[in-house]
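Step one of this worksheet: look at the structure below.
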Amino acid sequence: MLLRITGEDRPGLTASIMSVLARYDVHVQDIGQADIHSTLSLGILIRVEEKHSGKVMKELLFKASELNVNIRFIPISLDEYESWVSRQGKHRYMLTVLGRKLEARQIGAVTQLIADQGLNIDAIIRLTGRSSILHPLEKTRACIQFSVRGNPKDKSALHGELLKMSSEMNIDCSFQRDNMYRRMRRLICFDMDSTLIQAEVIDELARKHGVYDQVAAITASAMRGEIDFKESFTLRCKLLKGLDVKVMQEIAENLPFTEGVDRLMYVLKKYGYKIAILSGGFTFFGEYIQKKYGIDYVYANELEIDETGHLTGNYVGEIVDGKRKAELLRLIAQVEKVDLQQTIAVGDGANDLPMLSEAGLGIAFHAKPRVVANARQSINTIGLDGVLYFLGFKDSYLDEKAQ
């Protein structure tokens, strides 16, 4: 028998219902509860001996009247129950939808896509806190997580539709298999320029040196994947020859950090994640950010400096390009004894695609169209702390400092 209980929520309500069931040795086969704006919706699937069923129903009706809630009794046949049990073995996925705000048209489109793919929604929860209407925040966040069960009819088409929907409706969507790896991510690797910071540092150096137009053109071409990263990097370094290294410190002290970085780093460190910067930028700036946030690993490119304290136009060591980023992600995972499925990579450029593909969860962040099209997940509507929602964090998990 399925019990459906609705009404105003209050402490002790579920305990009162259970006290009635306990008197007749009722077996609870399943239970689920949701609370929306202090309105309770409680479902309990029970198995009770036929000789007690009438008494159980009678006492529950009295208890419901006492508690001022409504209760419905729905008989479930053995065949119906066994059919329901057999469906529980299907795959489960988490579909996360986020944006500055979520409206009925966006949620409607997402849920229709779920239905079209033959998937069933088991649960819906809001990951973000409730926002005030009278006193709205300047940069709001809204996120809903759908727990869905089944096997998608066409997973490739599903990803394509989510990508299209994200672009047209100003939302971000993440579709992940709900397994132990999704719940136990341990290593996260970030690109630096245009990801952790809202700048391409090499462009800022070029601006100070009076060669911005030349460098910016090469940077844009490389990020679009039109030219090889190593070639573009070498060309840009040469243009910086003669720049005083004091300029680097000045730029580092005024880096424009991306929205949400403080909150994201605080939470990741608090919950024990290992954090790495894997950047095609420069170690000087990566190490500056490392000190600020207590980041565990930094791999980037080192500029050669002459005895007078000026850049030579050359670099030292191996270039950190897209291939190297993926290699470093694997290496750090091995050192930290972390399965690759427990890793996360976040970046914006074409040279980030190899590590986004290598990681268990690859996220394109405010990325170029080519990168978004080839990444499994993307965030384009809110700040970098949107990554937390793709990891399943709720605002209620976080203390005030993280908010």
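Residues in the structure tokens are named by chain (A, B, ... in the order shown) and by number from 1 within that chain; ligands are numbered from 1 in the order shown.
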
*as a ChimeraX atom specification, please: all residues of segment 22-197 of chain A that backbone DSSP puts in helix (DSSP H, G or I).*
/A:22,50-67,78-87,104-116,155-169,180-183

Please, which residues in segment 342-373 of chain A fall within 10 Å of segment 309-324 of chain A when counting only C-alpha atoms, and what is the closest atom pair and distance in Å to one decimal for each, ordered by chain then residue number, as a tab-separated table?
```
residue	atom	partner	partner_atom	distance
A:Gly349	CA	A:Gly322	CA	9.2
A:Ala350	CA	A:Gly322	CA	7.7
A:Asn351	CA	A:Gly322	CA	4.2
A:Asp352	CA	A:Gly322	CA	5.5
A:Leu353	CA	A:Gly322	CA	7.0
A:Pro354	CA	A:Gly322	CA	5.8
A:Met355	CA	A:Gly322	CA	7.1
A:Leu356	CA	A:Gly322	CA	9.8
```

Okay, now the selection with N, CA, C and O atoms, as a short mmCIF file (atom, residue, chain, number, x, y, z; two decimals), in the first residue's frame?
```cif
data_model
loop_
_atom_site.label_atom_id
_atom_site.label_comp_id
_atom_site.auth_asym_id
_atom_site.auth_seq_id
_atom_site.Cartn_x
_atom_site.Cartn_y
_atom_site.Cartn_z
N GLY A 349 40.17 27.36 -23.47
CA GLY A 349 40.75 27.43 -24.80
C GLY A 349 40.89 26.09 -25.49
O GLY A 349 40.72 25.03 -24.88
N ALA A 350 41.23 26.14 -26.78
CA ALA A 350 41.42 24.93 -27.56
C ALA A 350 42.52 24.06 -26.97
O ALA A 350 42.46 22.83 -27.04
N ASN A 351 43.56 24.70 -26.38
CA ASN A 351 44.65 23.92 -25.79
C ASN A 351 44.24 23.26 -24.47
O ASN A 351 45.02 22.52 -23.87
N ASP A 352 43.02 23.51 -24.00
CA ASP A 352 42.52 22.84 -22.79
C ASP A 352 41.73 21.57 -23.13
O ASP A 352 41.46 20.76 -22.23
N LEU A 353 41.35 21.40 -24.39
CA LEU A 353 40.52 20.26 -24.76
C LEU A 353 41.12 18.91 -24.40
O LEU A 353 40.39 18.03 -23.93
N PRO A 354 42.43 18.69 -24.59
CA PRO A 354 42.98 17.37 -24.21
C PRO A 354 42.78 17.04 -22.73
O PRO A 354 42.41 15.92 -22.39
N MET A 355 42.99 18.02 -21.84
CA MET A 355 42.80 17.71 -20.41
C MET A 355 41.32 17.64 -20.06
O MET A 355 40.93 16.89 -19.17
N LEU A 356 40.47 18.39 -20.75
CA LEU A 356 39.03 18.29 -20.52
C LEU A 356 38.53 16.90 -20.90
O LEU A 356 37.64 16.35 -20.25
#
```

*Contacts of Ile31 of chain A at 12 Å (only C-alpha atoms; same-chain gap of 2+ positions) as a PyMOL selection string*: chain A and resi 1-5+14+18+27-29+33-34+41-46

*Out of A:Asn254, A:Ser221, A:Thr96, A:Ser279, which residue has the shortest atom-to-atom distance to Phe175 of chain A when counting only C-alpha atoms?*
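The shortest atom-to-atom distance to Phe175 of chain A comes from A:Thr96.
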
*DSSP on the backbone: what in segment 176-281 of chain A comes out strand (DSSP E or B), as a VMD selection string?*
chain A and resid 176 to 177 187 to 190 193 197 244 257 274 to 281

*Near segment 331-348 of chain A, counting only C-alpha atoms, which residues have an atom at most 8 Å away, once you skip same-chain residues fewer than 4 positions from it, shown as an NGL selection string?*
:A and (181-182 or 184-192 or 194-195 or 327 or 352-353 or 355-356 or 358-368 or 371)

Writer output for current selection, N, CA, C and O atoms, as a compact mmCIF listing (two decimals), in the first residue's frame:
```
# COMPACT_ATOMS: atom_id res chain seq x y z
N TYR A 181 32.16 7.64 -8.66
CA TYR A 181 33.17 8.60 -9.05
C TYR A 181 32.62 10.03 -9.01
O TYR A 181 33.30 10.97 -8.62
N ARG A 182 31.35 10.18 -9.43
CA ARG A 182 30.75 11.51 -9.41
C ARG A 182 30.67 12.05 -7.98
O ARG A 182 30.78 13.25 -7.74
N MET A 184 32.81 11.27 -5.59
CA MET A 184 34.11 11.23 -4.90
C MET A 184 35.21 11.86 -5.75
O MET A 184 36.30 11.32 -5.89
N ARG A 185 34.94 13.02 -6.35
CA ARG A 185 35.99 13.75 -7.06
C ARG A 185 37.06 14.18 -6.06
O ARG A 185 36.74 14.57 -4.93
N ARG A 186 38.33 14.15 -6.47
CA ARG A 186 39.41 14.46 -5.52
C ARG A 186 40.47 15.42 -6.07
O ARG A 186 41.19 16.03 -5.29
N LEU A 187 40.58 15.55 -7.36
CA LEU A 187 41.61 16.40 -7.95
C LEU A 187 40.98 17.30 -9.00
O LEU A 187 40.24 16.82 -9.86
N ILE A 188 41.26 18.61 -8.93
CA ILE A 188 40.72 19.55 -9.91
C ILE A 188 41.85 20.38 -10.50
O ILE A 188 42.69 20.92 -9.76
N CYS A 189 41.91 20.44 -11.82
CA CYS A 189 42.97 21.15 -12.53
C CYS A 189 42.37 22.31 -13.32
O CYS A 189 41.42 22.12 -14.08
N PHE A 190 42.95 23.50 -13.13
CA PHE A 190 42.44 24.70 -13.78
C PHE A 190 43.44 25.25 -14.80
O PHE A 190 44.65 25.27 -14.54
N ASP A 191 42.91 25.71 -15.91
CA ASP A 191 43.66 26.64 -16.73
C ASP A 191 43.72 27.95 -15.95
O ASP A 191 42.92 28.17 -15.02
N MET A 192 44.63 28.84 -16.31
CA MET A 192 44.75 30.09 -15.56
C MET A 192 44.14 31.27 -16.32
O MET A 192 43.14 31.84 -15.89
N SER A 194 42.00 33.58 -18.49
CA SER A 194 40.59 33.57 -18.92
C SER A 194 39.77 32.48 -18.23
O SER A 194 38.65 32.20 -18.65
N THR A 195 40.34 31.87 -17.20
CA THR A 195 39.60 30.90 -16.39
C THR A 195 39.65 31.34 -14.93
O THR A 195 38.66 31.83 -14.40
N GLU A 327 48.97 15.30 -19.98
CA GLU A 327 50.00 14.45 -19.36
C GLU A 327 50.16 14.80 -17.88
O GLU A 327 50.28 13.91 -17.03
N ASP A 352 43.02 23.51 -24.00
CA ASP A 352 42.52 22.84 -22.79
C ASP A 352 41.73 21.57 -23.13
O ASP A 352 41.46 20.76 -22.23
N LEU A 353 41.35 21.40 -24.39
CA LEU A 353 40.52 20.26 -24.76
C LEU A 353 41.12 18.91 -24.40
O LEU A 353 40.39 18.03 -23.93
N MET A 355 42.99 18.02 -21.84
CA MET A 355 42.80 17.71 -20.41
C MET A 355 41.32 17.64 -20.06
O MET A 355 40.93 16.89 -19.17
N LEU A 356 40.47 18.39 -20.75
CA LEU A 356 39.03 18.29 -20.52
C LEU A 356 38.53 16.90 -20.90
O LEU A 356 37.64 16.35 -20.25
N GLU A 358 40.44 14.18 -20.94
CA GLU A 358 41.11 13.19 -20.10
C GLU A 358 40.45 13.07 -18.73
O GLU A 358 40.38 11.97 -18.16
N ALA A 359 39.96 14.17 -18.20
CA ALA A 359 39.42 14.18 -16.85
C ALA A 359 38.08 13.46 -16.77
O ALA A 359 37.36 13.34 -17.75
N GLY A 360 37.77 12.99 -15.57
CA GLY A 360 36.47 12.37 -15.36
C GLY A 360 35.34 13.34 -15.60
O GLY A 360 34.26 12.98 -16.08
N LEU A 361 35.57 14.62 -15.24
CA LEU A 361 34.60 15.68 -15.48
C LEU A 361 35.35 16.85 -16.10
O LEU A 361 36.14 17.52 -15.43
N GLY A 362 35.12 17.10 -17.38
CA GLY A 362 35.75 18.21 -18.08
C GLY A 362 34.75 19.32 -18.29
O GLY A 362 33.67 19.09 -18.85
N ILE A 363 35.09 20.54 -17.84
CA ILE A 363 34.17 21.67 -17.91
C ILE A 363 34.79 22.81 -18.70
O ILE A 363 35.84 23.35 -18.32
N ALA A 364 34.13 23.20 -19.80
CA ALA A 364 34.54 24.37 -20.55
C ALA A 364 33.93 25.60 -19.87
O ALA A 364 32.72 25.66 -19.70
N PHE A 365 34.77 26.57 -19.51
CA PHE A 365 34.29 27.72 -18.76
C PHE A 365 34.34 28.98 -19.61
O PHE A 365 35.41 29.41 -20.03
N HIS A 366 33.16 29.56 -19.88
CA HIS A 366 33.06 30.77 -20.73
C HIS A 366 33.99 30.62 -21.93
O HIS A 366 34.81 31.52 -22.21
N ALA A 367 33.87 29.50 -22.58
CA ALA A 367 34.84 29.10 -23.60
C ALA A 367 34.43 29.52 -25.00
O ALA A 367 33.30 29.94 -25.26
N LYS A 368 35.39 29.36 -25.91
CA LYS A 368 35.14 29.63 -27.32
C LYS A 368 34.19 28.57 -27.87
O LYS A 368 34.12 27.46 -27.35
N VAL A 371 35.40 25.01 -28.34
CA VAL A 371 35.68 24.29 -27.10
C VAL A 371 34.37 23.80 -26.48
O VAL A 371 34.27 22.65 -26.05
```

Neighbour list for Leu384 of chain A as an mmCIF file with N, CA, C and O atoms, in the first residue's frame, cut-off 9 Å, only C-alpha atoms, skip fewer than 5 positions in-chain:
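For reference, result08.cif as written:
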```cif
data_model
loop_
_atom_site.group_PDB
_atom_site.id
_atom_site.type_symbol
_atom_site.label_atom_id
_atom_site.label_comp_id
_atom_site.auth_asym_id
_atom_site.auth_seq_id
_atom_site.Cartn_x
_atom_site.Cartn_y
_atom_site.Cartn_z
ATOM 1 N N THR A 195 40.343 31.868 -17.205
ATOM 2 C CA THR A 195 39.603 30.897 -16.389
ATOM 3 C C THR A 195 39.654 31.340 -14.928
ATOM 4 O O THR A 195 38.665 31.834 -14.399
ATOM 5 N N LEU A 196 40.804 31.216 -14.279
ATOM 6 C CA LEU A 196 40.935 31.718 -12.911
ATOM 7 C C LEU A 196 40.988 33.245 -12.884
ATOM 8 O O LEU A 196 40.530 33.877 -11.931
ATOM 9 N N THR A 258 38.381 35.988 -11.606
ATOM 10 C CA THR A 258 37.057 35.647 -12.123
ATOM 11 C C THR A 258 36.027 35.600 -11.000
ATOM 12 O O THR A 258 36.331 35.195 -9.873
ATOM 13 N N GLU A 259 34.815 35.997 -11.308
ATOM 14 C CA GLU A 259 33.710 35.914 -10.350
ATOM 15 C C GLU A 259 33.604 34.484 -9.787
ATOM 16 O O GLU A 259 33.621 33.513 -10.526
ATOM 17 N N GLY A 260 33.517 34.390 -8.479
ATOM 18 C CA GLY A 260 33.315 33.091 -7.838
ATOM 19 C C GLY A 260 34.577 32.354 -7.452
ATOM 20 O O GLY A 260 34.495 31.296 -6.809
ATOM 21 N N VAL A 261 35.763 32.878 -7.805
ATOM 22 C CA VAL A 261 37.005 32.159 -7.514
ATOM 23 C C VAL A 261 37.232 32.030 -6.014
ATOM 24 O O VAL A 261 37.592 30.952 -5.516
ATOM 25 N N ARG A 263 35.113 31.965 -3.518
ATOM 26 C CA ARG A 263 34.171 30.997 -2.948
ATOM 27 C C ARG A 263 34.547 29.576 -3.352
ATOM 28 O O ARG A 263 34.542 28.652 -2.517
ATOM 29 N N LEU A 264 34.878 29.384 -4.608
ATOM 30 C CA LEU A 264 35.230 28.058 -5.108
ATOM 31 C C LEU A 264 36.467 27.516 -4.408
ATOM 32 O O LEU A 264 36.473 26.364 -3.937
ATOM 33 N N PHE A 365 34.773 26.565 -19.510
ATOM 34 C CA PHE A 365 34.287 27.724 -18.757
ATOM 35 C C PHE A 365 34.336 28.977 -19.614
ATOM 36 O O PHE A 365 35.408 29.414 -20.032
ATOM 37 N N ILE A 379 30.104 25.859 -18.617
ATOM 38 C CA ILE A 379 29.496 26.909 -17.811
ATOM 39 C C ILE A 379 29.724 28.225 -18.534
ATOM 40 O O ILE A 379 30.873 28.621 -18.765
#
```

_8 Å contact set for Gln198 of chain A, only C-alpha atoms, chain neighbours under 6 positions out, as a PyMOL selection string_ = chain A and resi 255-258

*Spatial neighbours of Glu138 of chain A, max dist 12 Å, only C-alpha atoms, sep filter under 5 positions, as a list in words*: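 Neighbouring residues, sequence-local ones excluded: Arg100, Lys101, Ser131, Ser132, Ile133 and Ile382 of chain A.
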
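Between Thr39 of chain A and the residues A:Val56, A:Val69, A:Ile171, A:Ala115, the shortest atom-to-atom distance, using only C-alpha atoms, involves A:Val69.
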
_Given only C-alpha atoms as the counted atoms, nearest of A:Ile251, A:Met57, A:Ile125, A:Leu113 to Asp395 of chain A_ =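 Answer, going by the shortest atom-to-atom distance: A:Ile125.
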
*Do you have the atom CA of Ile124 of chain A-atom CA of Met94 of chain A distance handy?*
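A separation of 9.8 Å between them.
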
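Ranking A:Asp244, A:Glu8, A:Asp306, A:Asp193 by their shortest atom-to-atom distance to Leu67 of chain A, with only C-alpha atoms included, puts A:Glu8 first.
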
*Go through A:Ala276, A:Val26, A:Gly281, A:Leu119 one by one, measure the shortest atom-to-atom distance of each to Val298 of chain A using only C-alpha atoms, and give the residue with the smallest value.*
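With only C-alpha atoms as the atom set, the closest residue is A:Ala276.
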
*In Å, how far is it from atom CA of Asn380 of chain A to atom CA of Leu137 of chain A?*
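Value for the atom CA of Asn380 of chain A-atom CA of Leu137 of chain A distance: 19.0 Å.
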
For the contact check between segment 230-340 of chain A and segment 199-217 of chain A, emit one row per residue of segment 230-340 of chain A within 10 Å, containing the shortest atom pair and the distance in Å rounded to one decimal, counting only C-alpha atoms, chain then rising number order, as CSV.
```
residue,atom,partner,partner_atom,distance
A:Ser232,CA,A:Val215,CA,9.0
A:Phe233,CA,A:Ile202,CA,9.4
A:Leu235,CA,A:Val215,CA,8.2
A:Arg236,CA,A:Val215,CA,5.6
A:Cys237,CA,A:Ile202,CA,8.3
A:Lys238,CA,A:Val215,CA,9.8
A:Leu239,CA,A:Val211,CA,6.9
A:Leu240,CA,A:Ala206,CA,6.4
A:Lys241,CA,A:His209,CA,8.9
A:Gly242,CA,A:His209,CA,8.4
A:Leu243,CA,A:His209,CA,6.2
A:Asp244,CA,A:His209,CA,8.9
A:Val245,CA,A:Leu205,CA,9.7
A:Val247,CA,A:Leu205,CA,7.5
A:Met248,CA,A:Leu205,CA,7.2
A:Ile251,CA,A:Glu204,CA,7.5
A:Ala252,CA,A:Val201,CA,8.9
A:Leu255,CA,A:Ala199,CA,7.8
A:Pro256,CA,A:Ala199,CA,6.9
A:Phe257,CA,A:Ala199,CA,8.5
A:Thr258,CA,A:Ala199,CA,9.1
A:Gly280,CA,A:Ile202,CA,9.8
A:Gly281,CA,A:Val201,CA,6.9
A:Phe282,CA,A:Val201,CA,8.0
A:Phe285,CA,A:Val201,CA,8.2
```

_Length of the atom CA of Ser167 of chain A to atom CA of Thr219 of chain A vector [Å]_ =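 That distance, rounded to one decimal, is 24.8 Å.
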